[in-house]
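Shown next: upload_2.cif, containing mmCIF, C-alpha atoms.
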data_model
#
loop_
_atom_site.label_atom_id
_atom_site.label_comp_id
_atom_site.auth_asym_id
_atom_site.auth_seq_id
_atom_site.Cartn_x
_atom_site.Cartn_y
_atom_site.Cartn_z
CA MET A 1 14.34 11.17 -1.66
CA VAL A 2 10.72 10.33 -2.45
CA VAL A 3 8.72 12.96 -4.35
CA TYR A 4 4.92 13.12 -4.51
CA VAL A 5 3.26 15.09 -7.32
CA ILE A 6 -0.38 15.76 -6.49
CA SER A 7 -1.09 19.00 -8.37
CA GLN A 8 -3.53 18.09 -11.16
CA GLY A 9 -2.41 18.99 -14.69
CA SER A 10 1.29 18.96 -13.78
CA ARG A 11 3.80 17.97 -16.42
CA ILE A 12 7.25 16.45 -15.83
CA GLU A 13 9.92 17.35 -18.42
CA LYS A 14 13.66 16.83 -18.85
CA GLU A 15 15.89 19.89 -18.80
CA GLY A 16 19.57 19.10 -19.07
CA ARG A 17 20.35 16.59 -16.36
CA ARG A 18 17.37 17.60 -14.29
CA LEU A 19 13.67 16.88 -14.22
CA ILE A 20 11.30 19.83 -14.01
CA VAL A 21 7.77 19.59 -12.64
CA HIS A 22 5.68 22.29 -14.30
CA GLY A 23 2.46 23.05 -12.44
CA LYS A 24 -0.23 25.63 -12.91
CA ASP A 25 1.48 28.17 -10.69
CA PHE A 26 4.80 26.58 -9.73
CA LYS A 27 8.00 25.07 -11.10
CA GLN A 28 9.90 22.42 -9.14
CA ILE A 29 13.40 21.16 -9.98
CA LEU A 30 14.18 17.49 -9.30
CA PHE A 31 17.68 16.03 -9.40
CA ALA A 32 17.38 12.49 -10.71
CA SER A 33 20.53 11.40 -8.86
CA HIS A 34 18.73 12.13 -5.56
CA LEU A 35 15.42 10.48 -6.45
CA GLU A 36 14.50 7.08 -4.99
CA GLN A 37 10.82 7.07 -5.90
CA LEU A 38 8.38 9.28 -7.80
CA VAL A 39 4.70 9.00 -6.89
CA LEU A 40 2.18 10.63 -9.22
CA PHE A 41 -1.46 11.27 -8.36
CA GLY A 42 -4.16 11.53 -11.02
CA ASN A 43 -3.69 13.81 -14.01
CA VAL A 44 0.12 14.15 -14.08
CA SER A 45 1.96 13.61 -17.37
CA ILE A 46 5.57 12.73 -18.19
CA THR A 47 7.37 13.54 -21.45
CA ALA A 48 9.29 10.80 -23.26
CA PRO A 49 12.75 12.33 -22.51
CA ALA A 50 11.84 12.57 -18.82
CA MET A 51 10.70 8.96 -18.84
CA HIS A 52 14.04 7.91 -20.35
CA VAL A 53 15.79 9.52 -17.37
CA LEU A 54 13.56 7.59 -14.96
CA PHE A 55 14.40 4.33 -16.72
CA ALA A 56 18.13 5.11 -16.96
CA LYS A 57 18.35 5.90 -13.25
CA GLY A 58 16.07 3.05 -12.21
CA ILE A 59 13.72 5.40 -10.36
CA ASP A 60 10.61 3.60 -9.14
CA THR A 61 7.71 5.57 -10.61
CA VAL A 62 4.25 4.89 -9.22
CA PHE A 63 0.91 6.01 -10.64
CA LEU A 64 -2.03 6.46 -8.27
CA ARG A 65 -5.51 7.72 -8.88
CA ARG A 66 -6.30 11.17 -7.58
CA ASP A 67 -7.84 9.59 -4.46
CA GLY A 68 -4.69 7.55 -3.82
CA ARG A 69 -5.77 4.19 -5.19
CA TYR A 70 -3.03 2.21 -6.91
CA VAL A 71 -3.01 2.22 -10.75
CA GLY A 72 0.41 0.91 -11.79
CA ARG A 73 4.11 1.67 -12.06
CA LEU A 74 6.76 1.93 -14.75
CA ALA A 75 8.22 -1.51 -15.43
CA MET A 76 11.94 -1.33 -14.76
CA GLN A 77 14.56 -3.86 -15.86
CA GLU A 78 14.09 -7.17 -14.09
CA PRO A 79 16.60 -8.08 -11.33
CA ALA A 80 19.83 -9.29 -12.90
CA ASN A 81 20.36 -12.25 -10.56
CA ALA A 82 18.48 -14.95 -12.45
CA VAL A 83 19.61 -17.65 -10.00
CA LEU A 84 18.08 -15.74 -7.08
CA ARG A 85 14.82 -15.23 -8.98
CA LYS A 86 14.70 -18.94 -9.82
CA ARG A 87 15.15 -19.71 -6.12
CA GLN A 88 12.35 -17.29 -5.23
CA PHE A 89 9.88 -19.05 -7.50
CA ALA A 90 11.02 -22.47 -6.32
CA LEU A 91 10.37 -21.43 -2.71
CA CYS A 92 6.75 -20.70 -3.64
CA ASP A 93 6.29 -24.49 -3.52
CA ASP A 94 8.32 -24.99 -0.32
CA GLN A 95 5.58 -25.18 2.31
CA ASP A 96 7.97 -25.51 5.25
CA PHE A 97 9.91 -22.41 4.23
CA ARG A 98 6.78 -20.35 3.65
CA VAL A 99 5.21 -21.33 6.96
CA SER A 100 8.44 -20.65 8.86
CA VAL A 101 8.95 -17.15 7.45
CA GLY A 102 5.22 -16.43 7.25
CA ARG A 103 4.88 -17.23 10.96
CA SER A 104 7.47 -14.53 11.76
CA ILE A 105 5.65 -12.00 9.56
CA VAL A 106 2.23 -12.66 11.13
CA LEU A 107 3.68 -12.73 14.64
CA ALA A 108 5.23 -9.29 14.15
CA LYS A 109 2.00 -7.88 12.75
CA ILE A 110 -0.08 -9.25 15.62
CA LEU A 111 2.35 -8.16 18.34
CA ASN A 112 2.56 -4.66 16.85
CA GLN A 113 -1.23 -4.45 16.89
CA ALA A 114 -1.28 -5.56 20.53
CA THR A 115 1.33 -2.94 21.42
CA VAL A 116 -0.73 -0.18 19.79
CA LEU A 117 -3.77 -1.20 21.86
CA ALA A 118 -1.66 -1.35 25.03
CA ARG A 119 -0.45 2.18 24.32
CA ILE A 120 -4.05 3.30 23.84
CA LYS A 121 -4.91 1.86 27.25
CA ARG A 122 -2.08 3.81 28.91
CA ALA A 123 -2.62 7.06 27.00
CA ARG A 124 -6.41 7.17 27.11
CA ASN A 125 -7.15 5.01 30.14
CA ARG A 126 -9.25 2.52 28.17
CA PRO A 127 -9.15 -0.87 29.96
CA GLN A 128 -11.00 -2.52 27.04
CA ALA A 129 -7.98 -1.83 24.85
CA LEU A 130 -5.70 -3.82 27.16
CA VAL A 131 -8.16 -6.72 27.27
CA ALA A 132 -8.18 -6.75 23.45
CA ALA A 133 -4.36 -6.57 23.38
CA ASN A 134 -4.13 -9.61 25.66
CA ASN A 135 -6.65 -11.49 23.50
CA ILE A 136 -4.54 -10.76 20.43
CA ARG A 137 -1.39 -11.96 22.19
CA GLU A 138 -3.21 -15.15 23.12
CA LEU A 139 -4.04 -15.70 19.44
CA ALA A 140 -0.36 -15.20 18.62
CA ARG A 141 0.51 -18.24 20.72
CA GLY A 142 -1.44 -20.37 18.28
CA LEU A 143 0.92 -19.52 15.45
CA GLU A 144 3.37 -22.21 16.55
CA ARG A 145 0.73 -24.86 15.90
CA ALA A 146 -0.11 -23.56 12.40
CA THR A 147 1.23 -25.83 9.66
CA THR A 148 -0.06 -24.01 6.56
CA CYS A 149 -0.13 -20.42 5.31
CA ASP A 150 -3.92 -20.62 5.28
CA ALA A 151 -3.85 -21.36 9.01
CA LEU A 152 -1.49 -18.43 9.59
CA ARG A 153 -3.76 -16.11 7.64
CA GLY A 154 -6.75 -17.38 9.61
CA ILE A 155 -5.12 -16.37 12.89
CA GLU A 156 -4.07 -13.06 11.34
CA GLY A 157 -7.69 -12.40 10.34
CA LYS A 158 -9.05 -13.13 13.82
CA ALA A 159 -6.48 -10.80 15.38
CA ALA A 160 -7.32 -8.08 12.85
CA ALA A 161 -11.03 -8.30 13.69
CA ILE A 162 -10.30 -7.76 17.39
CA TYR A 163 -7.75 -5.04 16.72
CA PHE A 164 -9.83 -2.88 14.39
CA ALA A 165 -12.91 -3.25 16.59
CA HIS A 166 -10.95 -1.58 19.41
CA LEU A 167 -8.75 0.86 17.48
CA GLN A 168 -11.54 3.45 17.77
CA LEU A 169 -10.73 3.71 21.51
CA GLY A 170 -7.56 5.56 20.57
CA PHE A 171 -9.32 8.56 19.02
CA THR A 172 -10.27 11.65 20.98
CA LYS A 173 -13.39 12.07 18.83
CA ASP A 174 -15.82 9.65 17.24
CA TRP A 175 -15.08 9.60 13.49
CA GLY A 176 -17.54 6.80 12.73
CA PHE A 177 -14.83 4.12 12.58
CA ARG A 178 -16.03 0.68 13.68
CA LYS A 179 -14.11 -1.81 11.55
CA ARG A 180 -11.77 -1.98 8.60
CA VAL A 181 -13.62 -1.12 5.37
CA ARG A 182 -11.37 -0.54 2.40
CA ARG A 183 -13.34 -0.41 -0.84
CA PRO A 184 -14.80 2.07 -0.69
CA PRO A 185 -13.73 3.57 2.65
CA THR A 186 -16.90 4.74 4.37
CA ASP A 187 -15.49 6.94 7.13
CA PRO A 188 -12.52 9.33 7.50
CA VAL A 189 -10.38 6.89 9.50
CA ASN A 190 -10.67 4.11 6.93
CA CYS A 191 -9.97 6.66 4.22
CA VAL A 192 -6.68 7.68 5.85
CA LEU A 193 -5.70 4.10 6.68
CA SER A 194 -6.13 3.02 3.05
CA PHE A 195 -4.12 5.98 1.80
CA LEU A 196 -1.25 5.38 4.23
CA TYR A 197 -1.21 1.65 3.50
CA THR A 198 -0.85 2.47 -0.18
CA LEU A 199 2.11 4.77 0.50
CA LEU A 200 3.72 2.16 2.75
CA THR A 201 3.25 -0.70 0.28
CA ASN A 202 4.84 1.32 -2.50
CA ARG A 203 7.82 2.05 -0.24
CA CYS A 204 8.09 -1.68 0.43
CA HIS A 205 7.90 -2.44 -3.30
CA ALA A 206 10.80 -0.07 -3.96
CA ALA A 207 12.80 -1.65 -1.12
CA ILE A 208 12.20 -5.15 -2.50
CA ARG A 209 13.56 -4.07 -5.89
CA GLN A 210 16.49 -2.31 -4.22
CA ALA A 211 17.33 -5.58 -2.45
CA GLY A 212 17.51 -7.29 -5.85
CA LEU A 213 14.42 -9.42 -5.32
CA ASP A 214 11.53 -10.12 -7.69
CA PRO A 215 8.34 -8.56 -6.24
CA GLN A 216 5.99 -11.19 -7.72
CA PRO A 217 6.62 -14.41 -5.74
CA GLY A 218 5.50 -13.93 -2.14
CA ILE A 219 5.91 -15.98 1.02
CA LEU A 220 2.85 -15.48 3.20
CA HIS A 221 0.88 -14.15 0.22
CA ASP A 222 0.40 -16.70 -2.55
CA LEU A 223 1.75 -16.21 -6.04
CA SER A 224 -1.08 -14.53 -7.95
CA TYR A 225 -1.56 -13.33 -11.51
CA GLY A 226 -0.50 -9.69 -11.89
CA ARG A 227 0.14 -9.15 -8.17
CA ALA A 228 3.37 -8.12 -6.50
CA SER A 229 3.07 -10.42 -3.47
CA LEU A 230 6.44 -9.95 -1.73
CA PRO A 231 5.88 -6.25 -0.89
CA LEU A 232 2.60 -7.33 0.71
CA ASP A 233 4.60 -9.63 2.98
CA LEU A 234 7.06 -6.90 3.93
CA VAL A 235 4.42 -4.24 4.63
CA GLU A 236 2.62 -6.34 7.26
CA GLU A 237 5.02 -5.55 10.10
CA PHE A 238 4.82 -1.83 9.28
CA ARG A 239 1.03 -1.36 9.13
CA ALA A 240 0.41 -0.83 12.86
CA LEU A 241 3.95 0.41 13.45
CA LEU A 242 3.65 3.32 11.03
CA GLY A 243 0.25 3.51 9.30
CA ASP A 244 -2.03 3.10 12.31
CA THR A 245 0.00 5.16 14.78
CA LEU A 246 0.29 7.99 12.26
CA THR A 247 -3.47 7.87 11.64
CA LEU A 248 -4.13 8.24 15.36
CA SER A 249 -1.75 11.22 15.54
CA LEU A 250 -3.21 12.97 12.51
CA PHE A 251 -6.71 12.93 13.99
CA ASN A 252 -5.89 13.41 17.67
CA MET A 253 -3.56 16.35 16.99
CA SER A 254 -6.26 17.98 14.84
CA MET A 255 -4.15 17.90 11.70
CA LEU A 256 -7.20 16.46 9.96
CA HIS A 257 -10.77 17.67 10.41
CA LYS A 258 -14.14 17.10 8.76
CA ASP A 259 -13.45 19.57 5.92
CA HIS A 260 -10.61 17.31 4.76
CA PHE A 261 -13.11 14.69 3.58
CA GLU A 262 -15.75 14.74 0.88
CA SER A 263 -18.23 12.48 -0.86
CA PRO A 264 -17.76 11.54 -4.54
CA LYS A 265 -19.55 13.69 -7.05
CA PRO A 266 -22.70 12.01 -8.43
CA VAL A 267 -22.25 10.24 -11.72
CA GLU A 268 -23.85 11.98 -14.68
CA PRO A 269 -26.81 9.96 -16.00
CA ILE A 270 -26.15 8.21 -19.30
CA PRO A 271 -28.37 9.66 -22.03
CA MET A 272 -30.83 7.33 -23.73
CA LEU A 273 -29.73 6.12 -27.16
CA THR A 274 -32.02 6.32 -30.13
CA GLU A 275 -32.48 3.35 -32.44
CA GLU A 276 -30.31 5.10 -35.04
CA ASP A 277 -27.50 5.58 -32.46
CA ARG A 278 -27.60 1.88 -31.60
CA LYS A 279 -27.35 0.90 -35.25
CA ASN A 280 -24.37 3.20 -35.77
CA GLN A 281 -22.60 1.82 -32.68
CA THR A 282 -23.20 -1.76 -33.84
CA LEU A 283 -21.84 -0.92 -37.29
CA LYS A 284 -18.67 0.58 -35.81
CA ARG A 285 -18.09 -2.56 -33.71
CA VAL A 286 -18.58 -4.80 -36.75
CA LEU A 287 -16.14 -2.79 -38.86
CA SER A 288 -13.51 -2.75 -36.09
CA ASP A 289 -13.69 -6.49 -35.34
CA PRO A 290 -11.47 -8.43 -37.79
CA LEU A 291 -12.51 -11.79 -36.29
CA GLY A 292 -16.10 -11.54 -37.37
CA ALA A 293 -17.68 -11.00 -33.95
CA MET A 294 -15.69 -13.88 -32.45
CA SER A 295 -13.40 -11.70 -30.33
CA GLU A 296 -14.29 -10.97 -26.74
CA SER A 297 -16.21 -7.81 -26.07
CA PRO A 298 -13.90 -5.06 -24.83
CA GLN A 299 -13.85 -4.41 -21.10
CA SER A 300 -13.65 -1.16 -19.29
CA ASP A 301 -10.19 -0.15 -18.10
CA THR A 302 -11.48 -0.43 -14.56
CA ASP A 303 -13.32 -3.74 -14.82
CA ASP A 304 -10.56 -5.69 -13.10
CA GLU A 305 -8.86 -3.06 -11.02
CA ASP A 306 -6.59 -4.56 -8.41
CA ASP A 307 -6.29 -2.75 -5.08
CA ARG A 308 -2.73 -3.89 -4.55
CA GLY A 309 -1.98 -0.81 -2.47
CA ASP A 310 -4.26 -2.08 0.30
CA PRO A 311 -4.59 -5.87 0.09
CA GLU A 312 -6.22 -6.65 3.45
CA GLU A 313 -9.14 -9.05 3.41
CA GLU A 314 -11.40 -7.57 6.09
CA ALA A 315 -15.15 -7.46 5.48
CA GLU A 316 -16.42 -4.67 3.29
CA LEU A 317 -19.66 -2.75 3.33
CA PRO A 318 -21.85 -2.54 0.22
CA GLN A 319 -20.39 -0.15 -2.30
CA GLU A 320 -23.16 2.40 -2.48
CA GLN A 321 -21.59 5.55 -3.81
CA ASN A 322 -23.21 7.83 -1.26
CA LYS A 323 -21.35 6.01 1.55
CA ALA A 324 -17.88 6.49 0.10
CA ILE A 325 -15.49 9.05 1.58
CA LEU A 326 -12.63 10.72 -0.32
CA LEU A 327 -9.66 12.82 0.77
CA THR A 328 -9.50 16.43 -0.38
CA LYS A 329 -6.35 17.84 -1.96
CA ASP A 330 -5.44 19.59 1.31
CA ALA A 331 -5.86 16.32 3.20
CA ILE A 332 -3.55 14.52 0.79
CA LYS A 333 -0.92 17.24 1.24
CA THR A 334 -1.21 17.02 5.02
CA ILE A 335 -0.93 13.24 5.11
CA ILE A 336 1.97 13.08 2.67
CA SER A 337 3.88 15.72 4.62
CA ALA A 338 3.34 13.87 7.91
CA PHE A 339 4.19 10.51 6.31
CA SER A 340 7.41 11.87 4.79
CA GLN A 341 8.51 13.29 8.15
CA LYS A 342 7.65 10.00 9.87
CA MET A 343 9.80 8.09 7.38
CA GLU A 344 12.78 10.30 8.24
CA THR A 345 12.32 9.90 12.01
CA THR A 346 15.24 8.05 13.60
CA PHE A 347 14.96 5.25 16.14
CA HIS A 348 17.14 2.47 17.53
CA HIS A 349 16.71 -0.67 15.46
CA PRO A 350 17.05 -3.52 17.96
CA HIS A 351 18.31 -6.14 15.49
CA ALA A 352 20.62 -3.84 13.54
CA GLY A 353 21.96 -2.41 16.80
CA ARG A 354 22.12 1.14 15.49
CA GLU A 355 20.10 4.27 14.82
CA MET A 356 18.27 4.49 11.50
CA THR A 357 15.23 6.13 9.95
CA TYR A 358 12.02 4.23 9.28
CA ALA A 359 12.74 4.60 5.55
CA GLU A 360 16.09 2.88 6.09
CA ALA A 361 14.41 0.26 8.27
CA ILE A 362 12.13 -0.82 5.41
CA ILE A 363 15.21 -1.32 3.20
CA PHE A 364 17.02 -3.13 6.03
CA GLN A 365 14.09 -5.54 6.44
CA ALA A 366 13.92 -6.12 2.67
CA ARG A 367 17.59 -7.09 2.70
CA GLN A 368 16.87 -9.44 5.59
CA LEU A 369 14.24 -11.10 3.42
CA ARG A 370 16.81 -11.51 0.68
CA ARG A 371 19.28 -13.20 3.04
CA VAL A 372 16.60 -15.67 4.12
CA ILE A 373 15.59 -16.35 0.52
CA ASP A 374 19.15 -16.83 -0.78
CA GLY A 375 19.95 -19.11 2.17
CA SER A 376 22.57 -16.94 3.88
CA ALA A 377 20.32 -16.49 6.95
CA GLU A 378 18.33 -19.17 8.74
CA SER A 379 15.36 -17.08 9.87
CA TYR A 380 13.68 -13.77 9.28
CA VAL A 381 13.61 -11.32 12.19
CA PRO A 382 10.84 -8.70 11.68
CA LEU A 383 10.63 -5.28 13.32
CA THR A 384 8.32 -5.05 16.34
CA LEU A 385 7.20 -2.16 18.52
CA ARG A 386 8.41 -1.81 22.10
#

Just give me the structure of the file as structure tokens.
Amino acid sequence: MVVYVISQGSRIEKEGRRLIVHGKDFKQILFASHLEQLVLFGNVSITAPAMHVLFAKGIDTVFLRRDGRYVGRLAMQEPANAVLRKRQFALCDDQDFRVSVGRSIVLAKILNQATVLARIKRARNRPQALVAANNIRELARGLERATTCDALRGIEGKAAAIYFAHLQLGFTKDWGFRKRVRRPPTDPVNCVLSFLYTLLTNRCHAAIRQAGLDPQPGILHDLSYGRASLPLDLVEEFRALLGDTLTLSLFNMSMLHKDHFESPKPVEPIPMLTEEDRKNQTLKRVLSDPLGAMSESPQSDTDDEDDRGDPEEEAELPQEQNKAILLTKDAIKTIISAFSQKMETTFHHPHAGREMTYAEAIIFQARQLRRVIDGSAESYVPLTLR
């Protein structure tokens, strides 16, 4: 079970063997033995005893900003299989392995995007969508000739540009969506896409840990300081499959409307400092710097924020604040409810040969990745739409 806590000011405490979420006007009981992941939005606090339970049970606990942007997660015990982790890092330098598996990942992402556009053509009678789908499939044929991960990512980027330029054809109304813009999202569709991609990536991160893998060393995504790259590999095949199709449904079924989106509140102007204030501030810095002004000046907590929840590299618009769009609390509730139900929807997994939920499918694919990494499987078979 995955639990999302979005009520601002909530507090999570331990009571016996249970966790209790205390909100302003509610009280929710959580059984730790049933929890797979805990996702906290904004101003939600956890007591030390409650945190000990989360560590003891190995519950993946994710912290997001109120608007859904990734902040961090509780650091659990590292995977016990040191030999497997050593192999993971060694494979970061194995170009043939990375290209082979990366080709499968990109192929699945591209084919899923093409399938979404083909469905749009059938459902909404938009011939342009089918033309774009065929163009994307043509790009996919070039993957066999790619010999580096950079080349694979180049083809992926070209396909994404075509795909997002035509995704708007799937909406019954014009929501101002023209291309993928992630930071900040400048229209409702991009806003929902970013939020869903964050939820999906965190599910993939939990699945990677559950499979006993280290999230840091990726395959298609390069090893990077402070970034969990392997979940970014796993999420690629699920973006169009789950995130994009759910976005289309949320808008076209009128579950989201214009009142679910808002612009950020204007930043309060910083008051002018007097000369005396400046002297006092300088004195405080001198007294607190034991290295005699040789230490680096402190940075803001948000100076180097990493948007690991939504790592796509599409072009971004200028970040003028008045263009940004945020989800309201009601929108977040609506999206989380729909996402949770989607994760529990069953389907026939073609490679597993049995019925499973999408939540189980993410774990199944993570375990496939492990088998490829530990050498017990020759190739990785991603999940593609039919």

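Once Val5 of chain A and its same-chain neighbours fewer than 6 positions away are set aside, A:Arg11, A:Ile12, A:Val21, A:Gly23, A:Leu38, A:Val39, A:Leu40, A:Phe41, A:Gly42, A:Asn43, A:Val44, A:Phe63, A:Lys333 remain within 10 Å of it when counting all atoms listed in the file.
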
| task | Name the residues within 12 Å of (4.5, 24.4, -13.3), counting only C-alpha atoms in the file's coordinates, and put them as a VMD selection string. | result | chain A and resid 5 7 to 13 19 to 29 44 to 45

Pick from A:Glu15, A:Asp330, A:Asp67, A:Asp60 nearest to Pro264 of chain A, counting only C-alpha atoms |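 When distances to Pro264 of chain A are compared using only C-alpha atoms, the smallest one comes from A:Asp67.
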
Resolved residues for the PyMOL selection byres ((chain A and resi 367) around 9) as a list in words: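 Applying the expression gives Ala207, Ile208, Gln210, Ala211, Gly212, Leu213, Ile362, Ile363, Phe364, Gln365, Ala366, Gln368, Leu369, Arg370, Arg371 and Val372 of chain A.
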
_Going by the chain IDs and residue numbers used in this file, which residues fall under the PyMOL selection byres ((chain A and resi 219) around 12)? Write them as an MDAnalysis selection string._
chainID A and resid 88:106 148:150 152:153 214:218 220:224 228:234 236 369:370 372:373 380

message: Using all atoms listed in the file, which protein or nucleic acid residues come within 12 Å of Lys342 of chain A? Drop anything in the same chain fewer than 3 positions from it, and give the result as a list in words.
response: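 Here the answer would be Leu196, Leu200, Leu241, Leu242, Gly243, Thr245, Leu246, Thr247, Ser249, Leu250, Ile335, Ile336, Ser337, Ala338, Phe339, Thr345, Thr346, Phe347, Thr357, Tyr358, Ala359, Glu360 and Ala361 of chain A.
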
From atom CA of Leu64 of chain A to atom CA of Gly170 of chain A the spacing works out at 29.4 Å

>> Report, in Å with one decimal, the straight-line distance from atom CA of Ala50 of chain A to atom CA of Phe31 of chain A.
In response: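 Spanning atom CA of Ala50 of chain A to atom CA of Phe31 of chain A is a straight-line distance of 11.6 Å.
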
If the PyMOL selection byres ((chain A and resi 160) around 10) were run on this exact file, what residues would it hold? Put them as a VMD selection string.
chain A and resid 109 to 110 113 136 154 to 159 161 to 166 179 to 180 312 to 314

Review point. Any idea what the distance is between atom CA of Glu36 of chain A and atom CA of Arg239 of chain A?
Key: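 Between atom CA of Glu36 of chain A and atom CA of Arg239 of chain A the gap is 21.3 Å.
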
Quiz item: So which residues touch Leu74 of chain A within 10 Å, counting all atoms listed in the file, skipping near sequence neighbours fewer than 2 positions away, as a PyMOL selection string?
Solution: chain A and resi 51+54-55+58-63+72+76-77
